[in-house]
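Student: Below are the structure tokens for one structure; questions will follow.
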Amino acid sequence: MLKKVASLWFRVWLTAAVLLLALPGGGVAEEAHWGYTGAFGPSDWDKADPSFFMCKAGKNQTPINIVPRFATTLPPLVFSYGIKGDTVLNNGHTVQVLFPHGNTLTVDGISFELVQMHFHTPGENLYAGKAFPMEAHYVHADKAGNTAVLAVFFEEGESNADLAALWAVMPQTAGETKPLHQGFNPLALLPVGREYIYFNGSLTTPPCSEGVRWYVLKHTVTIGKEQVAAFLKCMGYPNNRPLQEVNARPVLR
Ligand SMILES: [Zn+2]
């Protein structure tokens with residue numbers, strides 16, 4: 001039991017430390033001097049801490065309005081997601097599901113391990129100018145510490161049963177963690193079609209580090225209007241970063 005608790009806290013720590021307050025904020029609210037509203041909102045993240053300078057200076061930032069310009073043959077996304085998430089955390093910036101080791105996403109021979117997934121409402125990226133009520137980010141890291149994010153858009157429609165199970169235990173207070181006794185299947189919220197858009201981007205939260213591989217699924221899943229409202233109520237504010245410039249980046253489809 002002690003070992004299990006220690007392992008859990010190690011992973012909570014790992015999320016905070018390795019992802020450096022990544023996507024959104026690995027740290028709990030007390031550590032995070034940035035937010036989506038008020039002082040140190042998105043336009044002033046760089047002023048919240050010197051290490052957040054890329055939020056202002058970066059040229060390859062996320063989110064963007066995704067307008068695919070280069071048709072190419074992208075390698076398939078190979079999911080080996082067999083291990084359920086066991087913990088859900090409200091870190092004051094989002095609601096995050098934490099995963100034990102063992103889930104991988106392999107692209108073009110590089111294997112990335114799933115660390116956590118979380119939500120933004122409204123969605124952060126646009127697709128050809130279209131906004132979505134919610135976007136999920138599956139955050140992965142490879143052995144060298146590179147980050148890859150798989151993004152899934154939600155369209156308003158039927159209530160999402162897999163999301164309902166998670167929402168039922170959504171921690172309502174910043175810093176609060178809850179166990180997921182039934183586990184959370186990482187494949188549950190993925191659409192059947194796995195075609196994607198690729199671009200080189202950043203974390204969408206401080207420190208806005210670049211060199212992040214973005215895999216954005218073209219197919220969407222649905223979310224009920226009341227489920228969006230429940231998430232917004234839990235957060236207390238929309239947790240989406242404003243759009244960033246595409247600059248010189250190719251966006252591949
Ligand atoms: Zn995110």
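In the structure tokens, the first chain shown is A, the next is B, and so on; residue numbers restart at 1 for each chain, and ligands run from 1 in the order shown.
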Can you tell me which residues surround Phe79 (chain A) at a distance of at most 8 Å, considering only C-alpha atoms, apart from same-chain residues fewer than 2 positions away, and format the answer as a list in words?

Tutor: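 These residues fall inside the cut-off: Leu77, Tyr81, Asn103, Thr104, Leu105 and Thr106 of chain A.
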
Student: Please identify all protein, DNA and RNA residues within 8 Å of ligand 1, counting only C-alpha atoms and all ligand atoms, and report them as a ChimeraX atom specification.

Tutor: /A:23-24,117-120,124,135-139,203-205

Student: From the list A:Thr94, A:Ser80, A:Asn239, A:Asn125, which residue is nearest Gly201 (chain A) when using only C-alpha atoms?

Tutor: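 Residue with the minimum atom-to-atom distance to Gly201 (chain A): A:Asn125.
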
Student: Do a neighbour search on region 243-252 of chain A at 7 Å with only C-alpha atoms, toss out local chain neighbours closer than 5 positions, and write the hits as a list in words.

Tutor: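 Here the answer would be Lys59, Asn60, Gln61, Thr62, Pro63, Ile64, Asn65, Val67, Pro68, Arg69, Phe70, Ala71, Thr72, Ile197, Tyr198 and Phe199 of chain A.
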
Student: With distances taken over only C-alpha atoms, which of A:Pro238, A:Pro50, A:Gly211, A:Pro76 is nearest to Asn146 (chain A)?

Tutor: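 Closest residue, counting only C-alpha atoms: A:Gly211.
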
Student: Among region 6-180 of chain A, which ones does DSSP place in strand (DSSP E), written as an NGL selection string?

Tutor: :A and (65-66 or 78-80 or 85-90 or 95-98 or 104-107 or 110-120 or 126-127 or 134-141 or 147-156 or 177-180)

Student: Limited to C-alpha atoms, could you put the picked residues into a file as a PDB file, in the first residue's frame?

Tutor:
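Just written: result35.pdb:
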```pdb
ATOM      1  CA  ASN A  65      -5.528  28.219 -36.390  1.00  0.00           C
ATOM      2  CA  ILE A  66      -4.720  24.952 -38.177  1.00  0.00           C
ATOM      3  CA  VAL A  78       0.429   3.505 -33.531  1.00  0.00           C
ATOM      4  CA  PHE A  79      -1.348   3.340 -30.191  1.00  0.00           C
ATOM      5  CA  SER A  80      -0.375   0.845 -27.537  1.00  0.00           C
ATOM      6  CA  GLY A  85      -5.466   6.059 -15.792  1.00  0.00           C
ATOM      7  CA  ASP A  86      -5.765   5.684 -12.033  1.00  0.00           C
ATOM      8  CA  THR A  87      -5.837   9.243 -10.686  1.00  0.00           C
ATOM      9  CA  VAL A  88      -7.612  12.476 -11.567  1.00  0.00           C
ATOM     10  CA  LEU A  89      -6.154  15.808 -10.481  1.00  0.00           C
ATOM     11  CA  ASN A  90      -7.461  19.366 -10.503  1.00  0.00           C
ATOM     12  CA  VAL A  95      -8.428  18.589 -14.846  1.00  0.00           C
ATOM     13  CA  GLN A  96      -5.813  15.950 -15.549  1.00  0.00           C
ATOM     14  CA  VAL A  97      -5.848  12.136 -15.648  1.00  0.00           C
ATOM     15  CA  LEU A  98      -2.548  10.550 -14.618  1.00  0.00           C
ATOM     16  CA  THR A 104       2.865   4.327 -25.763  1.00  0.00           C
ATOM     17  CA  LEU A 105       2.220   6.225 -28.956  1.00  0.00           C
ATOM     18  CA  THR A 106       4.711   5.366 -31.692  1.00  0.00           C
ATOM     19  CA  VAL A 107       5.177   7.582 -34.748  1.00  0.00           C
ATOM     20  CA  ILE A 110       9.806   7.065 -32.134  1.00  0.00           C
ATOM     21  CA  SER A 111       8.006   5.817 -29.070  1.00  0.00           C
ATOM     22  CA  PHE A 112       6.399   8.308 -26.683  1.00  0.00           C
ATOM     23  CA  GLU A 113       4.999   7.323 -23.307  1.00  0.00           C
ATOM     24  CA  LEU A 114       1.656   8.729 -22.190  1.00  0.00           C
ATOM     25  CA  VAL A 115       2.071  10.708 -18.972  1.00  0.00           C
ATOM     26  CA  GLN A 116      -1.236  12.529 -18.555  1.00  0.00           C
ATOM     27  CA  MET A 117      -4.241  13.842 -20.438  1.00  0.00           C
ATOM     28  CA  HIS A 118      -6.261  16.967 -19.703  1.00  0.00           C
ATOM     29  CA  PHE A 119      -8.921  19.294 -21.052  1.00  0.00           C
ATOM     30  CA  HIS A 120      -9.389  22.844 -22.268  1.00  0.00           C
ATOM     31  CA  LEU A 126      -8.908  26.109 -34.383  1.00  0.00           C
ATOM     32  CA  TYR A 127      -9.371  23.927 -37.437  1.00  0.00           C
ATOM     33  CA  MET A 134     -13.534  21.421 -25.829  1.00  0.00           C
ATOM     34  CA  GLU A 135     -10.150  19.938 -26.680  1.00  0.00           C
ATOM     35  CA  ALA A 136      -8.316  17.083 -24.942  1.00  0.00           C
ATOM     36  CA  HIS A 137      -4.520  16.892 -24.858  1.00  0.00           C
ATOM     37  CA  TYR A 138      -2.709  13.591 -24.347  1.00  0.00           C
ATOM     38  CA  VAL A 139       0.783  14.501 -23.211  1.00  0.00           C
ATOM     39  CA  HIS A 140       3.627  12.099 -23.991  1.00  0.00           C
ATOM     40  CA  ALA A 141       7.382  12.086 -23.460  1.00  0.00           C
ATOM     41  CA  THR A 147       7.181  16.079 -25.748  1.00  0.00           C
ATOM     42  CA  ALA A 148       4.440  14.934 -28.107  1.00  0.00           C
ATOM     43  CA  VAL A 149       0.820  15.995 -27.699  1.00  0.00           C
ATOM     44  CA  LEU A 150      -2.132  14.216 -29.245  1.00  0.00           C
ATOM     45  CA  ALA A 151      -5.101  16.599 -29.507  1.00  0.00           C
ATOM     46  CA  VAL A 152      -8.742  15.581 -29.850  1.00  0.00           C
ATOM     47  CA  PHE A 153     -11.530  18.043 -30.638  1.00  0.00           C
ATOM     48  CA  PHE A 154     -14.989  17.701 -29.124  1.00  0.00           C
ATOM     49  CA  GLU A 155     -18.060  18.914 -31.003  1.00  0.00           C
ATOM     50  CA  GLU A 156     -21.262  19.770 -29.213  1.00  0.00           C
ATOM     51  CA  THR A 177      -6.642  14.518  -6.363  1.00  0.00           C
ATOM     52  CA  LYS A 178      -9.051  11.589  -6.555  1.00  0.00           C
ATOM     53  CA  PRO A 179      -8.476   7.919  -7.301  1.00  0.00           C
ATOM     54  CA  LEU A 180     -10.192   6.435 -10.342  1.00  0.00           C
TER      55      LEU A 180
END
```

Student: Taking only C-alpha atoms into account, name the residue in A:Val221, A:Cys208, A:Ala144, A:Ala188 that is nearest to Gly157 (chain A).

Tutor: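 Among A:Val221, A:Cys208, A:Ala144, A:Ala188, it is A:Val221 that comes nearest to Gly157 (chain A).
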
Student: If we count only C-alpha atoms and set the cut-off at 8 Å, which residues sit around region 226-231 of chain A, ignoring sequence neighbours fewer than 5 positions away in its own chain? Please answer as a list in words.

Tutor: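 Those residues are Thr121, Pro133, Met134, Ser159, Ala164 and Trp167 of chain A.
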
Student: Please save N, CA, C and O atoms of the selected residues as a compact mmCIF listing (two decimals), in the first residue's frame.

Tutor:
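Writing the result to out33.txt gives the following:
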```txt
# COMPACT_ATOMS: atom_id res chain seq x y z
N THR A 121 -11.43 24.15 -22.17
CA THR A 121 -12.68 24.64 -22.74
C THR A 121 -12.66 26.17 -22.77
O THR A 121 -12.29 26.79 -21.78
N PRO A 133 -15.91 23.44 -28.65
CA PRO A 133 -16.21 23.73 -27.24
C PRO A 133 -15.22 23.10 -26.26
O PRO A 133 -15.08 23.58 -25.14
N MET A 134 -14.53 22.05 -26.71
CA MET A 134 -13.53 21.42 -25.83
C MET A 134 -12.46 20.72 -26.65
O MET A 134 -12.71 20.32 -27.79
N SER A 159 -24.35 13.66 -25.29
CA SER A 159 -23.57 13.58 -24.07
C SER A 159 -22.58 12.41 -24.23
O SER A 159 -22.91 11.38 -24.78
N ALA A 164 -18.62 11.23 -19.02
CA ALA A 164 -19.53 11.28 -17.87
C ALA A 164 -18.92 10.55 -16.67
O ALA A 164 -18.99 11.01 -15.52
N TRP A 167 -16.25 12.83 -15.34
CA TRP A 167 -16.85 14.04 -14.76
C TRP A 167 -17.48 13.75 -13.40
O TRP A 167 -17.52 14.61 -12.53
```

Student: Have a look at CA of Phe184 (chain A) and CA of Lys84 (chain A) and let me know their distance in Å, one decimal.

Tutor: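 Separating CA of Phe184 (chain A) from CA of Lys84 (chain A) is a distance of 4.9 Å.
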
Student: Within 9 Å of Gln172 (chain A), counting only C-alpha atoms, which residues show up once you throw out same-chain ones fewer than 5 positions away? Write them as JSON, numbers by chain, please.

Tutor: {"A": [90, 233, 234, 235]}

Student: With all heavy atoms retained, export the selected residues as an mmCIF file, in the first residue's frame.

Tutor:
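Contents of selection-v3.cif, freshly written:
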```
data_model
loop_
_atom_site.group_PDB
_atom_site.id
_atom_site.type_symbol
_atom_site.label_atom_id
_atom_site.label_comp_id
_atom_site.auth_asym_id
_atom_site.auth_seq_id
_atom_site.Cartn_x
_atom_site.Cartn_y
_atom_site.Cartn_z
ATOM 1 N N ASN A 90 -7.129 17.993 -10.129
ATOM 2 C CA ASN A 90 -7.461 19.366 -10.503
ATOM 3 C C ASN A 90 -6.257 20.203 -10.093
ATOM 4 O O ASN A 90 -5.991 20.357 -8.896
ATOM 5 C CB ASN A 90 -8.734 19.816 -9.756
ATOM 6 C CG ASN A 90 -9.096 21.270 -10.031
ATOM 7 O OD1 ASN A 90 -8.246 22.077 -10.419
ATOM 8 N ND2 ASN A 90 -10.354 21.621 -9.812
ATOM 9 N N LYS A 233 -17.698 25.233 -14.956
ATOM 10 C CA LYS A 233 -18.077 25.560 -13.576
ATOM 11 C C LYS A 233 -16.971 25.114 -12.622
ATOM 12 O O LYS A 233 -16.617 25.821 -11.681
ATOM 13 C CB LYS A 233 -19.400 24.869 -13.233
ATOM 14 C CG LYS A 233 -19.944 25.238 -11.883
ATOM 15 C CD LYS A 233 -21.377 24.772 -11.682
ATOM 16 C CE LYS A 233 -21.845 25.111 -10.285
ATOM 17 N NZ LYS A 233 -22.109 23.905 -9.480
ATOM 18 N N CYS A 234 -16.410 23.940 -12.874
ATOM 19 C CA CYS A 234 -15.336 23.416 -12.027
ATOM 20 C C CYS A 234 -14.109 24.318 -12.095
ATOM 21 O O CYS A 234 -13.526 24.663 -11.076
ATOM 22 C CB CYS A 234 -14.988 21.997 -12.478
ATOM 23 S SG CYS A 234 -13.596 21.291 -11.599
ATOM 24 N N MET A 235 -13.731 24.743 -13.313
ATOM 25 C CA MET A 235 -12.546 25.593 -13.488
ATOM 26 C C MET A 235 -12.799 27.011 -12.999
ATOM 27 O O MET A 235 -11.924 27.664 -12.455
ATOM 28 C CB MET A 235 -12.155 25.639 -14.975
ATOM 29 C CG MET A 235 -11.546 24.375 -15.519
ATOM 30 S SD MET A 235 -9.851 24.151 -14.918
ATOM 31 C CE MET A 235 -10.069 22.926 -13.660
#
```

Student: Could you work out how far CA of Tyr215 (chain A) lies from CA of Leu74 (chain A), giving the answer in Å with one decimal?

Tutor: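 CA of Tyr215 (chain A) lies 10.5 Å from CA of Leu74 (chain A).
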
Student: As a list in words, list the residues of region 51-164 of chain A assigned to helix (DSSP H, G or I) by DSSP on the backbone atoms of this structure.

Tutor: Ser51, Phe52, Met54, Cys55, Lys56, Ala57, Ala161, Asp162, Leu163 and Ala164 of chain A

Student: Separation of CA of Ala48 (chain A) and CA of Asn240 (chain A), in Å?

Tutor: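 Between CA of Ala48 (chain A) and CA of Asn240 (chain A) the gap works out to 17.5 Å.
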
Student: For Thr73 (chain A), which residue out of A:Glu195, A:Asp44, A:Glu158, A:Asp49 is the nearest one, using only C-alpha atoms?

Tutor: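 Closest to Thr73 (chain A) of all the choices is A:Glu195.
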